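Have a look at the structure below before the remarks.
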Amino acid sequence: MATKDTAAAAFLEDFRSMSRNGATPGGGVDRQAATVADGQNRNWFRGLVEGYGFDVRYDAVGNQFALLELVPGAPYIAVGSHLDSQPLGGKFDGAYGVLAGAHAAKAVAELAAGAGEYAPKFNLAVINWFNEEGCRFKPSMMGSSVFTGKISAEQVLETTDPHGVTVREALEAIGTIGDFSLDVAGYVELHIEQGRSLDDAGIKIGLVESTWGANKYEFTVKGEQAHTGATVIADRRDALFAASSMIVAARDVADKFTDDDGMVITSCGEISVFPNSPVVVASEVKLLIDVRATDEQRLADADAELFRRFAEVEERSKCEIVRGAEHLWGSKEYDRRGLELAASAADSLGLSKQVVRTLAGHDSTNMKDVVPTIMLFVPSVDGITHNEAEYTTDDDMVDGVRLLTEVLRRVTAGEFVEA
């Protein structure tokens, strides 16, 4: 079995090699789902783990499974995250968790092959979930949503990007689509925090107890095209004015429902304007708005206020606001037994820890609804994320892999779910 120092060096070497795939000048990566860069990275990962003894398969929506059989015929424990990124994103988000999962699973397999007391009851599957980010194809967390039965594979395969390319066409182009299926008994995910609480407190490990609730909406605002100089304000049905008012209203809702007892976050991360001419009043605007909150009632109250404000925007702007696709998840807890197992594992390794909640969505957000799930964080320096400047130190990454290895050892030994 590799020593602690050699295992750490091997992980960091692999991480730096992986980070060259789709690298950007600013030190991040651009590997949007099923693009050439994503395909190159998926193939790189396949070559890496096959060299480590894994068997690699793909399902109907491009989820990538790296399998290690420790006990022939036994159920599988899954571990993973995602390799796709945002445009000009960070190289740690998602990809760290997939690679950490592979190295942790490899270390557990070495333990199983040794002469110690460890006797696994489960096999291991490292999963690279398709299109977690949701920037090229919507919604986010797409692959794990299909895996957990929340949306259909056919719906996903026919989903198009802004250029009209379907998911099916994109996956076929990079050769990472298949017909594999797998039942799993439990799931573990390691991720960078994408927040600053661990970094600010100097804590090594975040034990995720629950998700925030989130409502993500697509809207189309319909107005009427006109001349920006010749058309007086009273005669305008300006879709861009209406959309802008919606964005301001969302920010006001966040301020209104945030206090010492809880928080609401609202955002607009994408907007497109037609015809987008400097002398034309916009006739149509498409935008995405999301609202997130710490508890269900606060989310429901903020959501109701948001739509009340949107009705006022419709009346003032004389535009029509059409509600389109939506992606919703509730504020739910992770398995308490998993939290306790991870805390004990961190203590055994001398790693400081604290209980946290996740503001962002992760594939574990879906998985926890169908199987016992453990979610772990390592620090993000200054909380920077979805940004080329995103950073987690080598020491923190290595400590995360050490913890993940110990968690997987305990889980596969039957300390979390029954075989």
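Letters for chains follow the order of the structure tokens (A, B, ...), residue numbers begin at 1 for each chain, and ligand numbers begin at 1 in the order shown.
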Test item, strand (DSSP E) assignment across segment 165-377 of chain A, answer as a count of residues only: 72
For segment 87-195 of chain A versus segment 407-412 of chain A, which residues have an atom no more than 9 Å away, and what is each residue's nearest atom pair and distance in Å rounded to one decimal, using only C-alpha atoms, chain-then-number order, as JSON lines?
{"residue": "A:Ala104", "atom": "CA", "partner": "A:Leu408", "partner_atom": "CA", "distance": 7.4}
{"residue": "A:Ala105", "atom": "CA", "partner": "A:Leu408", "partner_atom": "CA", "distance": 7.3}
{"residue": "A:Ala107", "atom": "CA", "partner": "A:Arg409", "partner_atom": "CA", "distance": 9.0}
{"residue": "A:Val108", "atom": "CA", "partner": "A:Arg409", "partner_atom": "CA", "distance": 5.9}
{"residue": "A:Leu111", "atom": "CA", "partner": "A:Arg409", "partner_atom": "CA", "distance": 8.5}
{"residue": "A:Tyr118", "atom": "CA", "partner": "A:Arg409", "partner_atom": "CA", "distance": 8.0}
{"residue": "A:Ala119", "atom": "CA", "partner": "A:Thr412", "partner_atom": "CA", "distance": 8.4}
{"residue": "A:Pro120", "atom": "CA", "partner": "A:Thr412", "partner_atom": "CA", "distance": 5.3}
{"residue": "A:Lys121", "atom": "CA", "partner": "A:Thr412", "partner_atom": "CA", "distance": 5.6}
{"residue": "A:Phe122", "atom": "CA", "partner": "A:Thr412", "partner_atom": "CA", "distance": 5.0}
{"residue": "A:Asn123", "atom": "CA", "partner": "A:Thr412", "partner_atom": "CA", "distance": 7.2}
{"residue": "A:Leu124", "atom": "CA", "partner": "A:Thr412", "partner_atom": "CA", "distance": 8.0}
{"residue": "A:Gly186", "atom": "CA", "partner": "A:Val411", "partner_atom": "CA", "distance": 8.4}
{"residue": "A:Val188", "atom": "CA", "partner": "A:Leu408", "partner_atom": "CA", "distance": 7.9}
Residues from the last selection, N, CA, C and O atoms, saved as an mmCIF file, in the first residue's frame:
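Printed below is part-v6.cif as written:
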data_model
loop_
_atom_site.group_PDB
_atom_site.id
_atom_site.type_symbol
_atom_site.label_atom_id
_atom_site.label_comp_id
_atom_site.auth_asym_id
_atom_site.auth_seq_id
_atom_site.Cartn_x
_atom_site.Cartn_y
_atom_site.Cartn_z
ATOM 1 N N ALA A 104 -9.440 7.846 -3.219
ATOM 2 C CA ALA A 104 -9.908 7.229 -1.978
ATOM 3 C C ALA A 104 -10.365 5.795 -2.230
ATOM 4 O O ALA A 104 -10.066 4.880 -1.446
ATOM 5 N N ALA A 105 -11.081 5.575 -3.324
ATOM 6 C CA ALA A 105 -11.528 4.217 -3.656
ATOM 7 C C ALA A 105 -10.337 3.303 -3.922
ATOM 8 O O ALA A 105 -10.325 2.132 -3.511
ATOM 9 N N ALA A 107 -7.372 3.589 -2.622
ATOM 10 C CA ALA A 107 -6.748 3.297 -1.323
ATOM 11 C C ALA A 107 -7.541 2.250 -0.555
ATOM 12 O O ALA A 107 -6.967 1.364 0.095
ATOM 13 N N VAL A 108 -8.866 2.315 -0.628
ATOM 14 C CA VAL A 108 -9.699 1.320 0.044
ATOM 15 C C VAL A 108 -9.496 -0.057 -0.590
ATOM 16 O O VAL A 108 -9.430 -1.077 0.118
ATOM 17 N N LEU A 111 -6.422 -1.519 0.759
ATOM 18 C CA LEU A 111 -6.665 -2.047 2.107
ATOM 19 C C LEU A 111 -7.339 -3.423 2.033
ATOM 20 O O LEU A 111 -6.997 -4.347 2.783
ATOM 21 N N TYR A 118 -9.594 -5.202 7.852
ATOM 22 C CA TYR A 118 -10.666 -4.619 7.049
ATOM 23 C C TYR A 118 -11.255 -5.662 6.098
ATOM 24 O O TYR A 118 -10.538 -6.299 5.321
ATOM 25 N N ALA A 119 -12.573 -5.827 6.157
ATOM 26 C CA ALA A 119 -13.267 -6.788 5.295
ATOM 27 C C ALA A 119 -14.457 -6.080 4.659
ATOM 28 O O ALA A 119 -15.503 -5.910 5.296
ATOM 29 N N PRO A 120 -14.336 -5.625 3.419
ATOM 30 C CA PRO A 120 -15.425 -4.868 2.789
ATOM 31 C C PRO A 120 -16.656 -5.729 2.541
ATOM 32 O O PRO A 120 -16.566 -6.927 2.275
ATOM 33 N N LYS A 121 -17.819 -5.073 2.604
ATOM 34 C CA LYS A 121 -19.085 -5.721 2.298
ATOM 35 C C LYS A 121 -19.723 -5.135 1.044
ATOM 36 O O LYS A 121 -20.779 -5.612 0.608
ATOM 37 N N PHE A 122 -19.107 -4.088 0.493
ATOM 38 C CA PHE A 122 -19.646 -3.406 -0.674
ATOM 39 C C PHE A 122 -18.561 -3.232 -1.728
ATOM 40 O O PHE A 122 -17.364 -3.209 -1.418
ATOM 41 N N ASN A 123 -18.992 -3.041 -2.971
ATOM 42 C CA ASN A 123 -18.123 -2.590 -4.044
ATOM 43 C C ASN A 123 -18.178 -1.068 -4.121
ATOM 44 O O ASN A 123 -19.000 -0.429 -3.451
ATOM 45 N N LEU A 124 -17.320 -0.489 -4.945
ATOM 46 C CA LEU A 124 -17.230 0.969 -5.047
ATOM 47 C C LEU A 124 -17.436 1.439 -6.480
ATOM 48 O O LEU A 124 -16.914 0.836 -7.434
ATOM 49 N N GLY A 186 -25.619 3.490 -1.168
ATOM 50 C CA GLY A 186 -25.284 4.693 -0.419
ATOM 51 C C GLY A 186 -24.413 5.585 -1.271
ATOM 52 O O GLY A 186 -23.862 5.157 -2.298
ATOM 53 N N VAL A 188 -21.517 9.076 -1.198
ATOM 54 C CA VAL A 188 -20.647 10.007 -0.476
ATOM 55 C C VAL A 188 -20.116 11.025 -1.472
ATOM 56 O O VAL A 188 -19.712 10.662 -2.588
#
Shell of 7 Å around Gly195 of chain A, only C-alpha atoms, local chain residues under 4 positions omitted, as a list in words: Ser380, Gly383 and Ile384 of chain A
Selection: 7 Å around segment 219-230 of chain A, only C-alpha atoms, excl. self and same-chain fewer than 5 positions, as a ChimeraX atom specification: /A:237-239,243,279-288,319-324
Would you put the residues from that selection into a file with N, CA, C and O atoms, as a PDB file, in the first residue's frame?
ATOM      1  N   ARG A 237     -43.772  49.254 -24.635  1.00  0.00           N
ATOM      2  CA  ARG A 237     -43.885  47.986 -23.901  1.00  0.00           C
ATOM      3  C   ARG A 237     -42.480  47.371 -23.927  1.00  0.00           C
ATOM      4  O   ARG A 237     -42.172  46.505 -24.739  1.00  0.00           O
ATOM      5  N   ASP A 238     -41.644  47.892 -23.046  1.00  0.00           N
ATOM      6  CA  ASP A 238     -40.207  47.619 -23.071  1.00  0.00           C
ATOM      7  C   ASP A 238     -39.896  46.361 -22.248  1.00  0.00           C
ATOM      8  O   ASP A 238     -39.912  46.376 -21.009  1.00  0.00           O
ATOM      9  N   ALA A 239     -39.583  45.271 -22.944  1.00  0.00           N
ATOM     10  CA  ALA A 239     -39.319  44.003 -22.260  1.00  0.00           C
ATOM     11  C   ALA A 239     -38.064  44.065 -21.400  1.00  0.00           C
ATOM     12  O   ALA A 239     -37.991  43.418 -20.350  1.00  0.00           O
ATOM     13  N   ALA A 243     -37.783  43.286 -17.468  1.00  0.00           N
ATOM     14  CA  ALA A 243     -36.836  42.293 -16.955  1.00  0.00           C
ATOM     15  C   ALA A 243     -35.913  42.909 -15.918  1.00  0.00           C
ATOM     16  O   ALA A 243     -35.608  42.285 -14.879  1.00  0.00           O
ATOM     17  N   VAL A 279     -30.801  50.920 -30.920  1.00  0.00           N
ATOM     18  CA  VAL A 279     -31.878  51.878 -31.202  1.00  0.00           C
ATOM     19  C   VAL A 279     -33.246  51.196 -31.265  1.00  0.00           C
ATOM     20  O   VAL A 279     -34.173  51.707 -31.890  1.00  0.00           O
ATOM     21  N   VAL A 280     -33.353  50.034 -30.618  1.00  0.00           N
ATOM     22  CA  VAL A 280     -34.623  49.311 -30.635  1.00  0.00           C
ATOM     23  C   VAL A 280     -35.046  48.966 -29.209  1.00  0.00           C
ATOM     24  O   VAL A 280     -34.265  48.416 -28.435  1.00  0.00           O
ATOM     25  N   VAL A 281     -36.275  49.317 -28.853  1.00  0.00           N
ATOM     26  CA  VAL A 281     -36.861  48.867 -27.598  1.00  0.00           C
ATOM     27  C   VAL A 281     -37.022  47.353 -27.668  1.00  0.00           C
ATOM     28  O   VAL A 281     -37.563  46.819 -28.645  1.00  0.00           O
ATOM     29  N   ALA A 282     -36.533  46.648 -26.666  1.00  0.00           N
ATOM     30  CA  ALA A 282     -36.538  45.184 -26.697  1.00  0.00           C
ATOM     31  C   ALA A 282     -37.960  44.628 -26.717  1.00  0.00           C
ATOM     32  O   ALA A 282     -38.816  45.063 -25.950  1.00  0.00           O
ATOM     33  N   SER A 283     -38.183  43.653 -27.596  1.00  0.00           N
ATOM     34  CA  SER A 283     -39.492  43.013 -27.673  1.00  0.00           C
ATOM     35  C   SER A 283     -39.562  41.735 -26.847  1.00  0.00           C
ATOM     36  O   SER A 283     -40.654  41.280 -26.505  1.00  0.00           O
ATOM     37  N   GLU A 284     -38.411  41.151 -26.539  1.00  0.00           N
ATOM     38  CA  GLU A 284     -38.423  39.916 -25.752  1.00  0.00           C
ATOM     39  C   GLU A 284     -37.128  39.796 -24.957  1.00  0.00           C
ATOM     40  O   GLU A 284     -36.047  40.072 -25.471  1.00  0.00           O
ATOM     41  N   VAL A 285     -37.254  39.352 -23.729  1.00  0.00           N
ATOM     42  CA  VAL A 285     -36.099  39.082 -22.870  1.00  0.00           C
ATOM     43  C   VAL A 285     -36.323  37.736 -22.189  1.00  0.00           C
ATOM     44  O   VAL A 285     -37.412  37.469 -21.676  1.00  0.00           O
ATOM     45  N   LYS A 286     -35.308  36.912 -22.208  1.00  0.00           N
ATOM     46  CA  LYS A 286     -35.332  35.655 -21.457  1.00  0.00           C
ATOM     47  C   LYS A 286     -34.354  35.806 -20.294  1.00  0.00           C
ATOM     48  O   LYS A 286     -33.248  36.317 -20.485  1.00  0.00           O
ATOM     49  N   LEU A 287     -34.768  35.348 -19.113  1.00  0.00           N
ATOM     50  CA  LEU A 287     -33.887  35.456 -17.954  1.00  0.00           C
ATOM     51  C   LEU A 287     -34.178  34.339 -16.975  1.00  0.00           C
ATOM     52  O   LEU A 287     -35.259  33.740 -16.982  1.00  0.00           O
ATOM     53  N   LEU A 288     -33.172  34.067 -16.145  1.00  0.00           N
ATOM     54  CA  LEU A 288     -33.300  33.086 -15.075  1.00  0.00           C
ATOM     55  C   LEU A 288     -33.177  33.805 -13.743  1.00  0.00           C
ATOM     56  O   LEU A 288     -32.252  34.607 -13.557  1.00  0.00           O
ATOM     57  N   CYS A 319     -46.038  44.756 -20.117  1.00  0.00           N
ATOM     58  CA  CYS A 319     -45.459  43.577 -20.747  1.00  0.00           C
ATOM     59  C   CYS A 319     -46.069  42.319 -20.143  1.00  0.00           C
ATOM     60  O   CYS A 319     -46.694  42.354 -19.083  1.00  0.00           O
ATOM     61  N   GLU A 320     -45.878  41.207 -20.820  1.00  0.00           N
ATOM     62  CA  GLU A 320     -46.342  39.916 -20.323  1.00  0.00           C
ATOM     63  C   GLU A 320     -45.146  39.120 -19.811  1.00  0.00           C
ATOM     64  O   GLU A 320     -44.147  38.957 -20.528  1.00  0.00           O
ATOM     65  N   ILE A 321     -45.224  38.606 -18.592  1.00  0.00           N
ATOM     66  CA  ILE A 321     -44.176  37.768 -18.015  1.00  0.00           C
ATOM     67  C   ILE A 321     -44.652  36.323 -18.059  1.00  0.00           C
ATOM     68  O   ILE A 321     -45.635  35.961 -17.402  1.00  0.00           O
ATOM     69  N   VAL A 322     -43.967  35.507 -18.848  1.00  0.00           N
ATOM     70  CA  VAL A 322     -44.346  34.105 -19.035  1.00  0.00           C
ATOM     71  C   VAL A 322     -43.388  33.230 -18.238  1.00  0.00           C
ATOM     72  O   VAL A 322     -42.168  33.273 -18.452  1.00  0.00           O
ATOM     73  N   ARG A 323     -43.939  32.445 -17.355  1.00  0.00           N
ATOM     74  CA  ARG A 323     -43.138  31.543 -16.536  1.00  0.00           C
ATOM     75  C   ARG A 323     -42.888  30.245 -17.301  1.00  0.00           C
ATOM     76  O   ARG A 323     -43.815  29.622 -17.806  1.00  0.00           O
ATOM     77  N   GLY A 324     -41.611  29.855 -17.394  1.00  0.00           N
ATOM     78  CA  GLY A 324     -41.248  28.668 -18.136  1.00  0.00           C
ATOM     79  C   GLY A 324     -40.822  27.529 -17.231  1.00  0.00           C
ATOM     80  O   GLY A 324     -41.449  27.264 -16.196  1.00  0.00           O
TER      81      GLY A 324
END
Pairwise distance for atom CA of Arg57 of chain A and atom CA of Phe180 of chain A, rounded to one decimal in Å: 6.3 Å
Can you build me a table of segment 262-339 of chain A residues sitting at most 12 Å from segment 348-355 of chain A, with the closest atom pair per residue and its distance in Å to one decimal, using only C-alpha atoms, sorted by chain and residue number, as a Markdown table?
| residue | atom | partner | partner_atom | distance |
| --- | --- | --- | --- | --- |
| A:Glu333 | CA | A:Val355 | CA | 11.8 |
| A:Tyr334 | CA | A:Val355 | CA | 11.4 |
| A:Arg336 | CA | A:Val355 | CA | 11.4 |
| A:Leu339 | CA | A:Val355 | CA | 8.5 |
Same residues, all heavy atoms, output as an mmCIF file, in the first residue's frame:
data_model
loop_
_atom_site.group_PDB
_atom_site.id
_atom_site.type_symbol
_atom_site.label_atom_id
_atom_site.label_comp_id
_atom_site.auth_asym_id
_atom_site.auth_seq_id
_atom_site.Cartn_x
_atom_site.Cartn_y
_atom_site.Cartn_z
ATOM 1 N N GLU A 333 -32.462 17.680 5.318
ATOM 2 C CA GLU A 333 -31.289 17.232 6.063
ATOM 3 C C GLU A 333 -30.645 16.011 5.410
ATOM 4 O O GLU A 333 -31.321 15.198 4.778
ATOM 5 C CB GLU A 333 -31.675 16.888 7.501
ATOM 6 C CG GLU A 333 -32.107 18.082 8.327
ATOM 7 C CD GLU A 333 -32.356 17.726 9.780
ATOM 8 O OE1 GLU A 333 -32.352 16.514 10.099
ATOM 9 O OE2 GLU A 333 -32.542 18.656 10.586
ATOM 10 N N TYR A 334 -29.337 15.904 5.594
ATOM 11 C CA TYR A 334 -28.615 14.690 5.242
ATOM 12 C C TYR A 334 -28.762 13.680 6.381
ATOM 13 O O TYR A 334 -29.164 14.025 7.495
ATOM 14 C CB TYR A 334 -27.138 15.010 4.980
ATOM 15 C CG TYR A 334 -26.901 15.703 3.662
ATOM 16 C CD1 TYR A 334 -27.061 17.080 3.539
ATOM 17 C CD2 TYR A 334 -26.524 14.996 2.537
ATOM 18 C CE1 TYR A 334 -26.862 17.729 2.338
ATOM 19 C CE2 TYR A 334 -26.313 15.631 1.318
ATOM 20 C CZ TYR A 334 -26.485 16.992 1.216
ATOM 21 O OH TYR A 334 -26.290 17.631 0.019
ATOM 22 N N ARG A 336 -28.402 11.620 9.459
ATOM 23 C CA ARG A 336 -27.719 11.923 10.714
ATOM 24 C C ARG A 336 -26.643 10.895 11.040
ATOM 25 O O ARG A 336 -25.602 11.225 11.575
ATOM 26 C CB ARG A 336 -28.763 11.981 11.845
ATOM 27 C CG ARG A 336 -28.220 12.313 13.219
ATOM 28 C CD ARG A 336 -27.512 13.653 13.289
ATOM 29 N NE ARG A 336 -28.298 14.745 12.757
ATOM 30 C CZ ARG A 336 -27.892 16.019 12.774
ATOM 31 N NH1 ARG A 336 -26.714 16.333 13.261
ATOM 32 N NH2 ARG A 336 -28.663 16.965 12.274
ATOM 33 N N LEU A 339 -23.544 11.836 9.203
ATOM 34 C CA LEU A 339 -22.878 12.979 9.830
ATOM 35 C C LEU A 339 -22.035 12.514 11.010
ATOM 36 O O LEU A 339 -20.883 12.950 11.185
ATOM 37 C CB LEU A 339 -23.947 13.974 10.291
ATOM 38 C CG LEU A 339 -23.508 15.421 10.524
ATOM 39 C CD1 LEU A 339 -23.164 16.100 9.216
ATOM 40 C CD2 LEU A 339 -24.643 16.195 11.221
#
Non-local contacts of Pro25 of chain A (12 Å; only C-alpha atoms; under 2 positions in same chain excluded) as a list of chain:residue names: A:Arg20, A:Gly22, A:Ala23, A:Gly27, A:Gly28, A:Val29, A:Asp30, A:Leu88, A:Gly89, A:Gly90, A:Glu388, A:Ala389
Pick from A:Ala37, A:Leu198, A:Leu240, A:Met263, whichever lies nearest to Gln297 of chain A using only C-alpha atoms: A:Met263
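Residues in contact range of segment 38-50 of chain A, defined as at most 8 Å between only C-alpha atoms, with sequence neighbours fewer than 2 positions away removed, read Met18, Asn21, Gly22, Arg31, Gln32, Ala33, Ala34, Thr35, Val36, Tyr52, Gly53, Phe54, Asp55, Val56, Ala66, Leu83, Asp84, Ala102, Ile174, Gly175 and Thr176 of chain A.
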Coordinates-based distance that separates atom CA of Asp261 of chain A from atom CA of Pro372 of chain A (Å, one decimal): 29.1 Å
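Compared by their closest atoms to Val356 of chain A, and using only C-alpha atoms, the residues A:Ala78, A:Val208, A:Ile265, A:Leu171 rank with A:Val208 nearest.
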Residue neighbourhood Met141 of chain A, 7 Å, only C-alpha atoms, exclusion window fewer than 6 positions, as an NGL selection string: :A and (131-134 or 362-363)
Those in segment 121-287 of chain A with alpha helix (DSSP H) from DSSP, as number ranges by chain: A: 142-147, 153-157, 167-174, 197-201, 239-256
What does the file look like for those residues with N, CA and C atoms, as a short mmCIF file (atom, residue, chain, number, x, y, z; two decimals), in the first residue's frame?
data_model
loop_
_atom_site.label_atom_id
_atom_site.label_comp_id
_atom_site.auth_asym_id
_atom_site.auth_seq_id
_atom_site.Cartn_x
_atom_site.Cartn_y
_atom_site.Cartn_z
N MET A 142 -28.22 17.66 -13.82
CA MET A 142 -29.03 16.92 -14.80
C MET A 142 -28.82 15.41 -14.69
N GLY A 143 -27.55 14.97 -14.68
CA GLY A 143 -27.29 13.53 -14.66
C GLY A 143 -27.82 12.85 -13.42
N SER A 144 -27.61 13.48 -12.27
CA SER A 144 -28.10 12.87 -11.02
C SER A 144 -29.61 12.97 -10.92
N SER A 145 -30.22 13.95 -11.59
CA SER A 145 -31.68 14.03 -11.60
C SER A 145 -32.29 12.86 -12.36
N VAL A 146 -31.66 12.47 -13.46
CA VAL A 146 -32.13 11.29 -14.20
C VAL A 146 -31.89 10.03 -13.37
N PHE A 147 -30.71 9.93 -12.78
CA PHE A 147 -30.36 8.74 -12.00
C PHE A 147 -31.35 8.51 -10.86
N ALA A 153 -34.74 10.30 -18.92
CA ALA A 153 -33.58 10.31 -19.81
C ALA A 153 -33.96 10.91 -21.16
N GLU A 154 -35.14 10.56 -21.66
CA GLU A 154 -35.55 11.06 -22.98
C GLU A 154 -35.69 12.58 -22.97
N GLN A 155 -36.23 13.13 -21.89
CA GLN A 155 -36.34 14.59 -21.79
C GLN A 155 -34.97 15.24 -21.84
N VAL A 156 -34.02 14.66 -21.12
CA VAL A 156 -32.67 15.20 -21.11
C VAL A 156 -32.03 15.09 -22.48
N LEU A 157 -32.14 13.95 -23.13
CA LEU A 157 -31.48 13.73 -24.41
C LEU A 157 -31.97 14.69 -25.49
N VAL A 167 -28.57 17.26 -26.20
CA VAL A 167 -27.68 16.50 -25.31
C VAL A 167 -27.24 15.22 -25.99
N ARG A 168 -28.19 14.53 -26.66
CA ARG A 168 -27.84 13.29 -27.34
C ARG A 168 -26.72 13.52 -28.37
N GLU A 169 -26.89 14.55 -29.18
CA GLU A 169 -25.89 14.84 -30.21
C GLU A 169 -24.54 15.19 -29.59
N ALA A 170 -24.57 15.97 -28.52
CA ALA A 170 -23.32 16.39 -27.87
C ALA A 170 -22.60 15.20 -27.25
N LEU A 171 -23.33 14.32 -26.58
CA LEU A 171 -22.70 13.15 -25.96
C LEU A 171 -22.17 12.18 -27.02
N GLU A 172 -22.91 12.01 -28.10
CA GLU A 172 -22.43 11.14 -29.17
C GLU A 172 -21.17 11.70 -29.80
N ALA A 173 -21.08 13.03 -29.89
CA ALA A 173 -19.91 13.66 -30.50
C ALA A 173 -18.64 13.41 -29.69
N ILE A 174 -18.78 13.32 -28.36
CA ILE A 174 -17.59 13.07 -27.54
C ILE A 174 -17.48 11.61 -27.11
N SER A 197 -17.00 30.01 5.30
CA SER A 197 -17.11 29.73 6.73
C SER A 197 -15.94 28.89 7.24
N LEU A 198 -15.54 27.85 6.52
CA LEU A 198 -14.42 27.02 6.97
C LEU A 198 -13.11 27.79 6.92
N ASP A 199 -12.90 28.52 5.84
CA ASP A 199 -11.66 29.30 5.70
C ASP A 199 -11.56 30.37 6.78
N ASP A 200 -12.66 31.06 7.05
CA ASP A 200 -12.65 32.11 8.07
C ASP A 200 -12.36 31.55 9.46
N ALA A 201 -12.87 30.34 9.72
CA ALA A 201 -12.71 29.75 11.05
C ALA A 201 -11.46 28.91 11.20
N ALA A 239 -39.58 45.27 -22.94
CA ALA A 239 -39.32 44.00 -22.26
C ALA A 239 -38.06 44.07 -21.40
N LEU A 240 -37.09 44.85 -21.82
CA LEU A 240 -35.86 44.96 -21.04
C LEU A 240 -36.10 45.75 -19.76
N PHE A 241 -36.92 46.80 -19.85
CA PHE A 241 -37.28 47.53 -18.63
C PHE A 241 -37.99 46.60 -17.65
N ALA A 242 -38.90 45.79 -18.13
CA ALA A 242 -39.62 44.86 -17.26
C ALA A 242 -38.67 43.84 -16.65
N ALA A 243 -37.78 43.29 -17.47
CA ALA A 243 -36.84 42.29 -16.96
C ALA A 243 -35.91 42.91 -15.92
N SER A 244 -35.45 44.12 -16.18
CA SER A 244 -34.59 44.80 -15.22
C SER A 244 -35.32 45.05 -13.91
N SER A 245 -36.59 45.39 -14.01
CA SER A 245 -37.39 45.61 -12.80
C SER A 245 -37.56 44.31 -12.02
N MET A 246 -37.66 43.20 -12.71
CA MET A 246 -37.75 41.89 -12.05
C MET A 246 -36.47 41.60 -11.26
N ILE A 247 -35.33 41.93 -11.85
CA ILE A 247 -34.04 41.68 -11.18
C ILE A 247 -33.92 42.53 -9.93
N VAL A 248 -34.32 43.79 -10.03
CA VAL A 248 -34.29 44.68 -8.86
C VAL A 248 -35.26 44.17 -7.80
N ALA A 249 -36.44 43.74 -8.22
CA ALA A 249 -37.43 43.22 -7.26
C ALA A 249 -36.89 42.01 -6.52
N ALA A 250 -36.17 41.14 -7.24
CA ALA A 250 -35.60 39.96 -6.60
C ALA A 250 -34.59 40.34 -5.53
N ARG A 251 -33.78 41.35 -5.82
CA ARG A 251 -32.80 41.81 -4.82
C ARG A 251 -33.51 42.41 -3.61
N ASP A 252 -34.57 43.14 -3.86
CA ASP A 252 -35.34 43.73 -2.75
C ASP A 252 -35.95 42.64 -1.87
N VAL A 253 -36.41 41.56 -2.49
CA VAL A 253 -36.98 40.45 -1.72
C VAL A 253 -35.92 39.81 -0.83
N ALA A 254 -34.71 39.65 -1.36
CA ALA A 254 -33.62 39.10 -0.55
C ALA A 254 -33.37 39.96 0.68
N ASP A 255 -33.35 41.28 0.48
CA ASP A 255 -33.11 42.18 1.61
C ASP A 255 -34.26 42.12 2.62
N LYS A 256 -35.48 42.04 2.13
CA LYS A 256 -36.65 42.06 3.00
C LYS A 256 -36.72 40.83 3.89
#
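Of the residues listed (A:Ile374, A:Val165, A:Ala9, A:Leu306), A:Ile374 shows the shortest atom-to-atom separation from His191 of chain A; distances use only C-alpha atoms.
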Top pick for closest residue to Asp93 of chain A, considering A:Thr148, A:Ser17, A:Gln194, A:Asn215 and counting only C-alpha atoms: A:Gln194
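Comparing the minimum interatomic distances between Gly94 of chain A and each of A:Ile151, A:Val79, A:Ala413, A:Ala7, counting only C-alpha atoms, we find that A:Val79 sits nearest.
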